[in-house]
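Undergrad: As input, take target17.cif (mmCIF, C-alpha atoms):
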```cif
data_entry
loop_
_atom_site.label_atom_id
_atom_site.label_comp_id
_atom_site.auth_asym_id
_atom_site.auth_seq_id
_atom_site.Cartn_x
_atom_site.Cartn_y
_atom_site.Cartn_z
CA MET Y 1362 19.28 -21.99 3.94
CA VAL Y 1363 15.61 -21.17 3.34
CA SER Y 1364 14.17 -22.96 0.32
CA CYS Y 1365 10.71 -22.07 -0.91
CA VAL Y 1366 8.29 -22.81 -3.69
CA THR Y 1367 7.54 -19.51 -5.40
CA THR Y 1368 4.89 -18.39 -7.83
CA SER Y 1369 4.95 -15.74 -10.47
CA PRO Y 1370 3.04 -12.48 -9.91
CA GLN Y 1371 0.52 -13.64 -12.53
CA GLU Y 1372 -0.17 -16.88 -10.63
CA GLU Y 1373 -0.29 -15.27 -7.20
CA ASP Y 1374 -3.46 -13.75 -5.79
CA THR Y 1375 -2.74 -10.18 -4.76
CA PRO Y 1376 -3.67 -9.95 -1.06
CA LYS Y 1377 -4.05 -6.17 -1.09
CA LEU Y 1378 -6.33 -3.99 -3.18
CA GLY Y 1379 -4.82 -1.16 -5.18
CA LEU Y 1380 -1.81 -3.15 -6.42
CA GLY Y 1381 -1.33 -4.33 -9.97
CA ASN Y 1382 -1.55 -3.17 -13.55
CA ILE Y 1383 -3.26 0.21 -13.89
CA GLN Y 1384 -4.94 1.38 -17.08
CA ARG Y 1385 -4.02 4.92 -18.13
CA PRO Y 1386 -2.46 6.04 -14.86
CA PRO Y 1387 -2.73 9.76 -14.08
CA ILE Y 1388 0.40 11.81 -14.63
CA PHE Y 1389 1.73 13.34 -11.43
CA ASN Y 1390 2.68 16.88 -12.39
CA PRO Y 1391 2.15 18.95 -9.22
CA SER Y 1392 2.73 22.29 -10.96
CA MET Y 1393 -0.19 21.53 -13.26
CA LEU Y 1394 -2.34 19.79 -10.65
CA ASN Y 1395 -2.05 22.78 -8.33
CA LEU Y 1396 -3.73 24.96 -10.96
CA GLN Y 1397 -6.91 22.95 -10.50
CA ALA Y 1398 -9.54 23.73 -7.86
CA THR Y 1399 -9.05 20.34 -6.23
CA ILE Y 1400 -6.90 17.26 -6.67
CA PRO Y 1401 -7.79 14.10 -8.65
CA ASN Y 1402 -9.74 11.43 -6.79
CA GLN Y 1403 -6.82 9.01 -6.96
CA PHE Y 1404 -4.91 11.26 -4.56
CA ILE Y 1405 -7.76 11.65 -2.05
CA TRP Y 1406 -7.43 9.40 1.00
CA PRO Y 1407 -10.34 7.91 3.02
CA ASP Y 1408 -11.69 10.05 5.83
CA ASP Y 1409 -10.23 7.80 8.53
CA GLU Y 1410 -6.74 8.20 7.03
CA LYS Y 1411 -6.78 11.89 6.17
CA PRO Y 1412 -4.13 13.99 7.94
CA CYS Y 1413 -4.82 15.77 11.20
CA THR Y 1414 -4.20 19.52 11.22
CA GLU Y 1415 -2.40 19.59 14.56
CA ALA Y 1416 -0.23 16.68 15.70
CA PRO Y 1417 1.44 17.02 19.12
CA GLU Y 1418 5.20 16.49 19.28
CA LEU Y 1419 6.41 12.96 19.99
CA ASP Y 1420 8.83 12.68 22.88
CA VAL Y 1421 11.75 10.84 21.26
CA PRO Y 1422 15.07 10.30 23.06
CA LEU Y 1423 18.08 12.19 21.76
CA ILE Y 1424 21.05 9.81 21.72
CA ASP Y 1425 24.45 11.53 21.80
CA LEU Y 1426 26.89 9.19 20.02
CA GLN Y 1427 30.04 11.24 20.54
CA ASN Y 1428 31.34 9.26 23.46
CA PHE Y 1429 30.23 5.90 22.04
CA LEU Y 1430 31.99 6.56 18.72
CA SER Y 1431 35.23 7.74 20.30
CA ALA Y 1432 38.21 5.44 20.74
CA SER Y 1433 38.00 5.89 24.52
CA SER Y 1434 34.27 5.47 25.01
CA SER Y 1435 33.20 5.05 28.61
CA PRO Y 1436 31.09 2.02 29.64
CA SER Y 1437 28.64 4.28 31.47
CA ALA Y 1438 27.94 6.38 28.35
CA THR Y 1439 27.46 3.23 26.26
CA LEU Y 1440 25.12 1.76 28.88
CA GLU Y 1441 23.04 4.94 28.98
CA ALA Y 1442 22.77 5.09 25.17
CA SER Y 1443 21.66 1.45 24.98
CA ARG Y 1444 19.15 2.02 27.80
CA LEU Y 1445 17.55 4.98 26.02
CA ILE Y 1446 17.41 3.02 22.76
CA SER Y 1447 15.82 0.04 24.51
CA GLU Y 1448 13.16 2.26 26.06
CA ALA Y 1449 12.31 3.92 22.74
CA CYS Y 1450 12.32 0.72 20.69
CA SER Y 1451 10.07 -1.06 23.18
CA LYS Y 1452 7.50 1.76 22.88
CA HIS Y 1453 7.52 2.95 19.28
CA GLY Y 1454 10.88 2.26 17.65
CA PHE Y 1455 11.91 5.89 16.98
CA PHE Y 1456 14.90 7.84 18.35
CA LEU Y 1457 17.25 10.63 17.29
CA VAL Y 1458 21.04 10.49 17.07
CA VAL Y 1459 23.37 13.51 17.28
CA ASN Y 1460 27.17 13.80 17.18
CA HIS Y 1461 26.96 10.90 14.77
CA GLY Y 1462 30.20 11.58 12.94
CA ILE Y 1463 28.63 12.44 9.55
CA SER Y 1464 29.94 15.77 8.28
CA GLU Y 1465 27.53 18.65 7.80
CA GLU Y 1466 29.12 19.28 4.40
CA LEU Y 1467 28.26 15.77 3.18
CA ILE Y 1468 24.66 16.09 4.40
CA SER Y 1469 24.36 19.50 2.72
CA ASP Y 1470 25.80 18.13 -0.54
CA ALA Y 1471 23.31 15.25 -0.45
CA HIS Y 1472 20.40 17.69 -0.08
CA GLU Y 1473 21.73 19.92 -2.87
CA CYS Y 1474 22.10 16.95 -5.22
CA MET Y 1475 18.56 15.87 -4.37
CA ALA Y 1476 17.25 19.31 -5.35
CA ARG Y 1477 19.21 19.12 -8.60
CA PHE Y 1478 17.68 15.76 -9.49
CA PHE Y 1479 14.07 16.67 -8.75
CA ASP Y 1480 14.46 19.97 -10.64
CA MET Y 1481 15.28 18.03 -13.80
CA PRO Y 1482 12.65 17.86 -16.59
CA PRO Y 1483 10.27 14.89 -16.28
CA SER Y 1484 11.70 13.31 -19.41
CA GLU Y 1485 15.15 13.19 -17.82
CA LYS Y 1486 13.92 11.75 -14.54
CA GLN Y 1487 11.92 9.13 -16.42
CA LYS Y 1488 15.12 7.71 -17.86
CA VAL Y 1489 15.36 5.81 -14.59
CA GLN Y 1490 11.63 5.10 -14.25
CA ARG Y 1491 10.97 2.46 -11.62
CA LYS Y 1492 9.76 -0.74 -13.27
CA PRO Y 1493 6.83 -2.77 -11.90
CA GLY Y 1494 7.95 -5.18 -9.21
CA GLU Y 1495 11.26 -3.41 -8.61
CA SER Y 1496 12.35 -1.33 -5.62
CA CYS Y 1497 14.78 1.03 -7.37
CA GLY Y 1498 14.37 3.87 -9.84
CA TYR Y 1499 12.32 7.05 -10.16
CA ALA Y 1500 8.68 6.96 -9.06
CA SER Y 1501 6.20 9.72 -9.79
CA SER Y 1502 3.60 9.14 -7.07
CA PHE Y 1503 3.53 5.39 -7.91
CA THR Y 1504 0.83 6.13 -10.50
CA GLY Y 1505 1.75 2.98 -12.41
CA ARG Y 1506 1.67 0.77 -9.32
CA PHE Y 1507 -1.36 1.81 -7.27
CA SER Y 1508 -4.82 2.86 -8.42
CA THR Y 1509 -6.07 4.55 -5.25
CA LYS Y 1510 -4.66 6.48 -2.28
CA LEU Y 1511 -1.78 7.82 -4.34
CA PRO Y 1512 0.97 9.60 -2.38
CA TRP Y 1513 1.72 13.26 -3.14
CA LYS Y 1514 5.45 12.78 -3.79
CA GLU Y 1515 8.27 11.86 -6.13
CA THR Y 1516 11.09 9.52 -5.16
CA LEU Y 1517 14.38 8.22 -6.47
CA SER Y 1518 15.57 4.93 -4.98
CA PHE Y 1519 18.83 3.13 -5.63
CA ARG Y 1520 20.73 0.18 -4.27
CA PHE Y 1521 23.82 0.31 -2.08
CA CYS Y 1522 25.98 -2.78 -1.56
CA ASP Y 1523 28.54 -2.94 1.21
CA ASP Y 1524 30.48 -5.44 -0.85
CA LYS Y 1525 34.18 -5.30 -1.69
CA ASN Y 1526 33.38 -6.92 -5.05
CA SER Y 1527 30.98 -4.07 -5.91
CA PRO Y 1528 32.68 -1.03 -4.38
CA LYS Y 1529 30.96 1.70 -6.43
CA THR Y 1530 27.38 0.48 -6.81
CA VAL Y 1531 25.78 3.91 -6.37
CA GLN Y 1532 28.27 5.85 -8.47
CA ASP Y 1533 27.95 3.33 -11.31
CA TYR Y 1534 24.15 3.52 -11.15
CA PHE Y 1535 24.11 7.29 -11.69
CA CYS Y 1536 26.61 7.11 -14.56
CA ASP Y 1537 25.00 4.15 -16.31
CA ALA Y 1538 21.38 5.22 -15.86
CA LEU Y 1539 21.56 9.02 -16.03
CA GLY Y 1540 24.77 9.73 -17.92
CA HIS Y 1541 28.25 10.91 -17.03
CA GLU Y 1542 27.09 14.50 -16.53
CA LEU Y 1543 25.45 13.32 -13.29
CA GLU Y 1544 28.54 11.51 -12.09
CA PRO Y 1545 29.07 14.18 -9.36
CA LEU Y 1546 25.70 13.17 -7.85
CA GLY Y 1547 26.77 9.55 -7.93
CA LYS Y 1548 29.98 10.36 -6.09
CA VAL Y 1549 28.12 12.28 -3.38
CA TYR Y 1550 25.58 9.52 -2.81
CA GLN Y 1551 28.25 6.82 -2.90
CA GLU Y 1552 30.02 8.62 -0.05
CA TYR Y 1553 26.73 9.32 1.75
CA CYS Y 1554 25.62 5.67 1.58
CA GLU Y 1555 29.00 4.46 2.81
CA ALA Y 1556 28.68 6.83 5.77
CA MET Y 1557 25.11 5.66 6.45
CA SER Y 1558 26.16 2.02 6.30
CA SER Y 1559 28.97 2.64 8.81
CA LEU Y 1560 26.64 4.56 11.13
CA SER Y 1561 24.02 1.80 10.85
CA LEU Y 1562 26.53 -0.83 11.95
CA LYS Y 1563 27.46 1.24 14.99
CA ILE Y 1564 23.78 1.61 15.89
CA MET Y 1565 23.46 -2.17 15.47
CA GLU Y 1566 26.10 -2.56 18.18
CA LEU Y 1567 23.96 -0.51 20.56
CA LEU Y 1568 20.85 -2.47 19.60
CA GLY Y 1569 22.68 -5.72 20.35
CA LEU Y 1570 23.78 -4.46 23.74
CA SER Y 1571 20.30 -3.17 24.53
CA LEU Y 1572 18.78 -6.60 23.77
CA GLY Y 1573 21.31 -8.48 25.85
CA VAL Y 1574 23.09 -10.20 22.97
CA SER Y 1575 26.73 -9.64 22.07
CA ARG Y 1576 27.75 -6.23 20.81
CA ASP Y 1577 28.94 -7.73 17.52
CA TYR Y 1578 25.96 -10.00 16.77
CA PHE Y 1579 23.79 -7.65 14.71
CA ARG Y 1580 26.77 -5.72 13.37
CA GLU Y 1581 28.14 -8.90 11.84
CA PHE Y 1582 24.69 -9.87 10.57
CA PHE Y 1583 24.46 -6.62 8.59
CA GLU Y 1584 28.00 -6.53 7.26
CA GLU Y 1585 27.93 -6.77 3.46
CA ASN Y 1586 24.43 -5.26 3.65
CA ASP Y 1587 22.37 -4.84 0.49
CA SER Y 1588 20.53 -1.62 1.32
CA ILE Y 1589 18.31 1.00 -0.32
CA MET Y 1590 18.81 4.76 -0.48
CA ARG Y 1591 15.76 6.90 -1.25
CA LEU Y 1592 15.47 10.60 -2.07
CA LYS Y 1593 11.98 11.96 -1.32
CA TYR Y 1594 10.37 15.11 -2.68
CA TYR Y 1595 6.97 16.31 -1.40
CA PRO Y 1596 5.67 19.24 -3.48
CA PRO Y 1597 3.19 21.75 -2.03
CA CYS Y 1598 -0.44 20.74 -2.45
CA GLN Y 1599 -3.46 23.03 -2.67
CA LYS Y 1600 -5.55 20.50 -0.69
CA PRO Y 1601 -3.18 19.09 1.93
CA ASP Y 1602 -6.11 18.08 4.12
CA LEU Y 1603 -7.23 15.53 1.51
CA THR Y 1604 -4.03 13.67 0.71
CA LEU Y 1605 -0.80 12.30 2.17
CA GLY Y 1606 2.81 12.48 1.08
CA THR Y 1607 3.33 8.91 2.27
CA GLY Y 1608 0.52 6.76 3.59
CA PRO Y 1609 0.53 4.99 6.97
CA HIS Y 1610 3.02 2.12 6.90
CA CYS Y 1611 5.75 0.31 8.78
CA ASP Y 1612 9.09 0.06 7.00
CA PRO Y 1613 9.61 -3.54 5.85
CA THR Y 1614 13.38 -3.00 6.02
CA SER Y 1615 15.60 -3.35 9.12
CA LEU Y 1616 16.64 0.15 10.15
CA THR Y 1617 15.86 3.56 8.66
CA ILE Y 1618 18.13 6.58 9.03
CA LEU Y 1619 16.32 9.72 7.93
CA HIS Y 1620 17.52 13.29 7.52
CA GLN Y 1621 14.75 15.88 7.13
CA ASP Y 1622 15.02 19.37 5.70
CA ASN Y 1623 13.51 22.23 7.75
CA VAL Y 1624 9.86 21.50 6.89
CA ASN Y 1625 7.59 19.48 9.18
CA GLY Y 1626 5.94 16.38 7.77
CA LEU Y 1627 6.91 13.18 9.61
CA GLN Y 1628 4.23 11.76 11.90
CA VAL Y 1629 4.24 8.60 14.05
CA PHE Y 1630 1.18 6.76 15.40
CA VAL Y 1631 1.68 6.26 19.15
CA GLU Y 1632 -0.98 5.45 21.75
CA ASN Y 1633 -3.80 5.88 19.22
CA GLN Y 1634 -2.67 9.35 18.21
CA TRP Y 1635 -0.60 10.81 15.40
CA ARG Y 1636 2.42 12.71 16.70
CA SER Y 1637 5.03 14.67 14.83
CA ILE Y 1638 8.83 14.57 14.87
CA SER Y 1639 10.10 18.05 14.07
CA PRO Y 1640 13.18 18.51 11.88
CA ASN Y 1641 16.53 18.85 13.62
CA PRO Y 1642 19.33 19.61 11.14
CA LYS Y 1643 21.97 18.18 13.46
CA ALA Y 1644 20.12 14.91 14.07
CA PHE Y 1645 19.14 11.80 12.17
CA VAL Y 1646 15.77 10.19 12.85
CA VAL Y 1647 16.26 6.44 13.33
CA ASN Y 1648 13.49 3.87 13.39
CA ILE Y 1649 13.14 0.11 13.57
CA GLY Y 1650 11.72 -1.74 10.55
CA ASP Y 1651 9.81 -5.01 10.21
CA THR Y 1652 12.89 -7.09 9.45
CA PHE Y 1653 14.59 -6.05 12.67
CA MET Y 1654 11.35 -6.53 14.59
CA ALA Y 1655 11.48 -10.15 13.41
CA LEU Y 1656 15.18 -10.37 14.36
CA SER Y 1657 14.32 -9.13 17.86
CA ASN Y 1658 11.42 -11.60 18.08
CA ASN Y 1659 8.97 -8.72 18.54
CA ARG Y 1660 10.82 -7.17 21.48
CA TYR Y 1661 11.37 -4.01 19.46
CA MET Y 1662 8.60 -2.28 17.55
CA SER Y 1663 8.27 -1.32 13.92
CA CYS Y 1664 5.89 1.59 14.28
CA LEU Y 1665 3.25 2.99 11.95
CA HIS Y 1666 4.25 6.34 10.47
CA ARG Y 1667 3.39 8.63 7.54
CA ALA Y 1668 4.31 11.93 5.87
CA VAL Y 1669 1.92 14.86 5.49
CA VAL Y 1670 2.18 17.72 3.01
CA ASN Y 1671 1.27 21.40 3.15
CA SER Y 1672 0.10 24.13 0.78
CA GLN Y 1673 3.06 26.48 1.17
CA SER Y 1674 6.40 24.69 1.19
CA GLU Y 1675 8.01 21.78 -0.55
CA ARG Y 1676 9.66 19.19 1.66
CA LYS Y 1677 12.62 16.89 1.01
CA SER Y 1678 14.20 14.09 2.98
CA LEU Y 1679 17.00 11.54 2.67
CA ALA Y 1680 16.24 7.99 3.79
CA PHE Y 1681 18.75 5.15 4.08
CA PHE Y 1682 17.11 1.76 4.58
CA LEU Y 1683 19.51 -0.78 6.05
CA CYS Y 1684 18.81 -4.28 4.74
CA PRO Y 1685 20.75 -7.51 5.24
CA ASN Y 1686 22.44 -9.33 2.43
CA LYS Y 1687 19.60 -10.83 0.41
CA ASP Y 1688 20.65 -14.42 1.15
CA ARG Y 1689 20.91 -13.93 4.92
CA VAL Y 1690 18.32 -15.93 6.83
CA VAL Y 1691 16.39 -13.67 9.21
CA LYS Y 1692 15.79 -15.35 12.56
CA PRO Y 1693 16.28 -14.15 16.13
CA PRO Y 1694 19.32 -15.16 18.18
CA ARG Y 1695 18.85 -17.89 20.77
CA GLU Y 1696 19.20 -15.37 23.60
CA LEU Y 1697 15.84 -13.86 22.61
CA LEU Y 1698 13.95 -17.17 22.69
CA ASP Y 1699 12.56 -19.05 25.68
CA SER Y 1700 9.36 -20.71 26.84
CA ASN Y 1701 7.80 -17.31 27.47
CA ALA Y 1702 9.00 -15.89 24.16
CA PRO Y 1703 8.68 -18.51 21.41
CA ARG Y 1704 9.42 -17.75 17.77
CA ARG Y 1705 6.96 -15.19 16.39
CA TYR Y 1706 7.83 -15.40 12.69
CA PRO Y 1707 9.13 -18.06 10.31
CA ASP Y 1708 12.61 -18.00 8.83
CA PHE Y 1709 12.89 -15.78 5.77
CA THR Y 1710 15.39 -13.86 3.68
CA TRP Y 1711 15.23 -10.16 2.88
CA SER Y 1712 14.79 -10.97 -0.81
CA MET Y 1713 11.55 -12.83 0.02
CA LEU Y 1714 10.09 -9.94 2.02
CA LEU Y 1715 11.20 -7.43 -0.62
CA GLU Y 1716 9.47 -9.44 -3.35
CA PHE Y 1717 6.31 -9.64 -1.24
CA THR Y 1718 6.12 -5.87 -0.71
CA GLN Y 1719 6.93 -5.04 -4.35
CA LYS Y 1720 4.71 -7.57 -6.10
CA HIS Y 1721 2.00 -8.76 -3.74
CA TYR Y 1722 1.28 -6.33 -0.90
CA ARG Y 1723 1.15 -2.61 -0.21
CA ALA Y 1724 3.14 -2.00 2.98
CA ASP Y 1725 1.04 -1.10 6.03
CA MET Y 1726 1.01 -1.87 9.75
CA ASN Y 1727 0.26 -5.58 9.11
CA THR Y 1728 2.95 -6.29 6.52
CA LEU Y 1729 5.04 -8.67 8.61
CA GLN Y 1730 2.10 -10.78 9.74
CA ALA Y 1731 0.62 -10.85 6.23
CA PHE Y 1732 4.02 -11.87 4.88
CA SER Y 1733 4.30 -14.67 7.45
CA ASP Y 1734 0.85 -15.97 6.52
CA TRP Y 1735 1.80 -15.82 2.83
CA LEU Y 1736 5.19 -17.44 3.37
CA ILE Y 1737 4.38 -20.47 5.53
CA PRO Y 1738 2.51 -22.47 2.84
CA ARG Y 1739 5.37 -21.83 0.41
CA CYS Y 1740 8.18 -22.89 2.75
CA PRO Y 1741 7.75 -26.45 3.91
CA SER Y 1742 10.56 -26.06 6.45
CA ASN Y 1743 8.50 -23.40 8.28
CA LYS Y 1744 5.38 -25.50 8.72
#
```
Give the structure from this file in structure tokens form.
TA:
Amino acid sequence: MVSCVTTSPQEEDTPKLGLGNIQRPPIFNPSMLNLQATIPNQFIWPDDEKPCTEAPELDVPLIDLQNFLSASSSPSATLEASRLISEACSKHGFFLVVNHGISEELISDAHECMARFFDMPPSEKQKVQRKPGESCGYASSFTGRFSTKLPWKETLSFRFCDDKNSPKTVQDYFCDALGHELEPLGKVYQEYCEAMSSLSLKIMELLGLSLGVSRDYFREFFEENDSIMRLKYYPPCQKPDLTLGTGPHCDPTSLTILHQDNVNGLQVFVENQWRSISPNPKAFVVNIGDTFMALSNNRYMSCLHRAVVNSQSERKSLAFFLCPNKDRVVKPPRELLDSNAPRRYPDFTWSMLLEFTQKHYRADMNTLQAFSDWLIPRCPSNK
């Protein structure tokens, strides 16, 4: 059990500029903002972070899960899938999965429900306004959280618990927070999250095999996961060359399963160059997050990525962020430690890292190292 001395957000020095209480935050209303000649300064990113107009396509492996998911999966197909995953995760942490067992109808319903939510009047969406320091709720460009480099997007995030004692976490959230008229959305996303959780656990089996640990090790670690589902809406922008839909960051979570609509926008930073991953309606984009990078003792990469916007088309995506149970201690298995590969990060729980990214630090490519530096003085057992 990890035991730490914690401080309140008021007592803690914020190690990242742009986080904290904002006076009179701008209102993100893209339909009104697009009537202006340019966009407000808060949405303009520094020159070295502005989007590139042409990003070459990233070569990401396409993992066919059909054989692996079948009752009579062949060892050779499983070995090939784990090999391709190992190669991708050692380089940049991104790969695609097809024949994943998730019905096209469920994916389509999830996209339709997302459109229904973001088409609601602002006053209705603000009923579930994300509160400072929390990871769930509606966020309108994070105007109340950051003061600069605001993202050109809206999001709705909610918790999913793979817990028999809380079987309808998502459905209950929609009913309690948005009213019974949106219960159909809650049912769709409850089913979608359950499907994502199941798919995540199967991918964890492949990740375990690819790292040379038992097939069940990471699957069991993430059973009873306490994960996050996020709906993302990127409106058109009249100055897409000045802003970003999502700034450069590595996901602090463990594993992300993303489904894009048919509009380009996802870019990954590989070999000092931004590269795009084009939408594939039959595939999910999967990437490693910081928590799993720590679990793998840095053998697998949590890669810098971002989302760009355009002036013509809106873009939407569905992101499921697999996270361990909040009390699980994150540390690599013994098989991944030796004299040539000592421990890279201290023990921590997901709740600690989540608090750090919500209250003390704006996620970027250095989140895990910054978190480790922040954590060690507070956890005597890690010194």
Undergrad: For Gln1427 of chain Y, which of Y:Arg1520, Y:Lys1563, Y:Lys1692, Y:Arg1636 is the closest residue, counting all atoms listed in the file?
TA: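 Smallest separation from Gln1427 of chain Y among the options: Y:Lys1563.
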Undergrad: Take the PyMOL selection byres ((chain Y and resi 1657-1670) around 7), apply it to the structure above, and return the hits as a count of residues only.
TA: 35
Undergrad: List the residues matched by the PyMOL selection byres ((chain Y and resi 1713) around 12) in the displayed structure as a PDB file with C-alpha atoms, keeping the file's coordinate frame, ordered by chain and then by residue number.
TA:
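Dumped everything to selection.pdb:
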```pdb
ATOM      1  CA  VAL Y1363      15.610 -21.170   3.340  1.00  0.00           C
ATOM      2  CA  SER Y1364      14.170 -22.960   0.320  1.00  0.00           C
ATOM      3  CA  CYS Y1365      10.710 -22.070  -0.910  1.00  0.00           C
ATOM      4  CA  VAL Y1366       8.290 -22.810  -3.690  1.00  0.00           C
ATOM      5  CA  THR Y1367       7.540 -19.510  -5.400  1.00  0.00           C
ATOM      6  CA  THR Y1368       4.890 -18.390  -7.830  1.00  0.00           C
ATOM      7  CA  PRO Y1613       9.610  -3.540   5.850  1.00  0.00           C
ATOM      8  CA  THR Y1614      13.380  -3.000   6.020  1.00  0.00           C
ATOM      9  CA  THR Y1652      12.890  -7.090   9.450  1.00  0.00           C
ATOM     10  CA  PRO Y1685      20.750  -7.510   5.240  1.00  0.00           C
ATOM     11  CA  ASN Y1686      22.440  -9.330   2.430  1.00  0.00           C
ATOM     12  CA  LYS Y1687      19.600 -10.830   0.410  1.00  0.00           C
ATOM     13  CA  ASP Y1688      20.650 -14.420   1.150  1.00  0.00           C
ATOM     14  CA  ARG Y1689      20.910 -13.930   4.920  1.00  0.00           C
ATOM     15  CA  VAL Y1690      18.320 -15.930   6.830  1.00  0.00           C
ATOM     16  CA  VAL Y1691      16.390 -13.670   9.210  1.00  0.00           C
ATOM     17  CA  PRO Y1707       9.130 -18.060  10.310  1.00  0.00           C
ATOM     18  CA  ASP Y1708      12.610 -18.000   8.830  1.00  0.00           C
ATOM     19  CA  PHE Y1709      12.890 -15.780   5.770  1.00  0.00           C
ATOM     20  CA  THR Y1710      15.390 -13.860   3.680  1.00  0.00           C
ATOM     21  CA  TRP Y1711      15.230 -10.160   2.880  1.00  0.00           C
ATOM     22  CA  SER Y1712      14.790 -10.970  -0.810  1.00  0.00           C
ATOM     23  CA  LEU Y1714      10.090  -9.940   2.020  1.00  0.00           C
ATOM     24  CA  LEU Y1715      11.200  -7.430  -0.620  1.00  0.00           C
ATOM     25  CA  GLU Y1716       9.470  -9.440  -3.350  1.00  0.00           C
ATOM     26  CA  PHE Y1717       6.310  -9.640  -1.240  1.00  0.00           C
ATOM     27  CA  THR Y1718       6.120  -5.870  -0.710  1.00  0.00           C
ATOM     28  CA  GLN Y1719       6.930  -5.040  -4.350  1.00  0.00           C
ATOM     29  CA  LYS Y1720       4.710  -7.570  -6.100  1.00  0.00           C
ATOM     30  CA  HIS Y1721       2.000  -8.760  -3.740  1.00  0.00           C
ATOM     31  CA  LEU Y1729       5.040  -8.670   8.610  1.00  0.00           C
ATOM     32  CA  PHE Y1732       4.020 -11.870   4.880  1.00  0.00           C
ATOM     33  CA  SER Y1733       4.300 -14.670   7.450  1.00  0.00           C
ATOM     34  CA  TRP Y1735       1.800 -15.820   2.830  1.00  0.00           C
ATOM     35  CA  LEU Y1736       5.190 -17.440   3.370  1.00  0.00           C
ATOM     36  CA  ILE Y1737       4.380 -20.470   5.530  1.00  0.00           C
ATOM     37  CA  ARG Y1739       5.370 -21.830   0.410  1.00  0.00           C
ATOM     38  CA  CYS Y1740       8.180 -22.890   2.750  1.00  0.00           C
TER      39      CYS Y1740
END
```
Undergrad: Could you check the closest approach to Val1624 of chain Y for each of Y:Asn1648, Y:Ser1674, Y:Gln1403, Y:Asn1586 and tell me which residue wins, using all atoms listed in the file?
TA: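 Answer, going by the shortest atom-to-atom distance: Y:Ser1674.
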Undergrad: With a distance cut-off of 10 Å and all atoms listed in the file, select the neighbouring residues of Asn1395 of chain Y, excluding the residue or stretch itself and same-chain residues fewer than 5 positions from it, and output the selection as a VMD selection string.
TA: chain Y and resid 1390 1400 1596 to 1600 1672
Undergrad: What is the atom CA of Leu1570 of chain Y-atom CA of Ser1447 of chain Y distance in Å, reported with one decimal?
TA: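 These two atoms are separated by 9.2 Å.
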Undergrad: Which polymer residues have any atom within 8 Å of an atom of segment 1521-1536 of chain Y, counting all atoms listed in the file, with same-chain residues fewer than 2 positions away left out, as a PDB file with C-alpha atoms, in the frame of the given file?
TA:
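After the write, around_29.pdb holds the following:
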```
ATOM      1  CA  PHE Y1519      18.830   3.130  -5.630  1.00  0.00           C
ATOM      2  CA  ALA Y1538      21.380   5.220 -15.860  1.00  0.00           C
ATOM      3  CA  LEU Y1539      21.560   9.020 -16.030  1.00  0.00           C
ATOM      4  CA  GLY Y1540      24.770   9.730 -17.920  1.00  0.00           C
ATOM      5  CA  HIS Y1541      28.250  10.910 -17.030  1.00  0.00           C
ATOM      6  CA  GLU Y1542      27.090  14.500 -16.530  1.00  0.00           C
ATOM      7  CA  LEU Y1543      25.450  13.320 -13.290  1.00  0.00           C
ATOM      8  CA  GLU Y1544      28.540  11.510 -12.090  1.00  0.00           C
ATOM      9  CA  LEU Y1546      25.700  13.170  -7.850  1.00  0.00           C
ATOM     10  CA  GLY Y1547      26.770   9.550  -7.930  1.00  0.00           C
ATOM     11  CA  LYS Y1548      29.980  10.360  -6.090  1.00  0.00           C
ATOM     12  CA  TYR Y1550      25.580   9.520  -2.810  1.00  0.00           C
ATOM     13  CA  GLN Y1551      28.250   6.820  -2.900  1.00  0.00           C
ATOM     14  CA  CYS Y1554      25.620   5.670   1.580  1.00  0.00           C
ATOM     15  CA  GLU Y1555      29.000   4.460   2.810  1.00  0.00           C
ATOM     16  CA  SER Y1558      26.160   2.020   6.300  1.00  0.00           C
ATOM     17  CA  GLU Y1584      28.000  -6.530   7.260  1.00  0.00           C
ATOM     18  CA  GLU Y1585      27.930  -6.770   3.460  1.00  0.00           C
ATOM     19  CA  ASN Y1586      24.430  -5.260   3.650  1.00  0.00           C
ATOM     20  CA  ASP Y1587      22.370  -4.840   0.490  1.00  0.00           C
ATOM     21  CA  SER Y1588      20.530  -1.620   1.320  1.00  0.00           C
ATOM     22  CA  ILE Y1589      18.310   1.000  -0.320  1.00  0.00           C
ATOM     23  CA  MET Y1590      18.810   4.760  -0.480  1.00  0.00           C
TER      24      MET Y1590
END
```
Undergrad: Looking at Y:Tyr1594, Y:Tyr1706, Y:Phe1583, Y:Trp1513, which one is nearest to Arg1676 of chain Y, with distances taken over only C-alpha atoms?
TA: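 The shortest atom-to-atom distance to Arg1676 of chain Y comes from Y:Tyr1594.
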Undergrad: Emit as lines of an AutoDock Vina configuration file the padded axis-aligned box for all listed atoms of segment 1602-1605 of chain Y, 6 Å per side, with centre and edge lengths in Å to one decimal.
TA:
```
center_x = -4.0
center_y = 15.2
center_z = 2.4
size_x = 18.4
size_y = 17.8
size_z = 15.4
```
Undergrad: I need the residue nearest Val1421 of chain Y from this list: Y:Gln1673, Y:Asn1460, Y:Asn1727, Y:Ser1639. Use only C-alpha atoms for the distance.
TA: Y:Ser1639
Undergrad: Which of these residues is nearest to Glu1581 of chain Y, using only C-alpha atoms: Y:Met1565, Y:Ala1398, Y:Leu1603, Y:Ala1731?
TA: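 The shortest atom-to-atom distance to Glu1581 of chain Y comes from Y:Met1565.
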Undergrad: The PyMOL selection byres ((chain Y and resi 1517) around 9) - which residues does that actually catch in the file I just gave you? List them as a PyMOL selection string.
TA: chain Y and resi 1475+1478-1479+1486+1489-1491+1497-1501+1515-1516+1518-1519+1590-1594
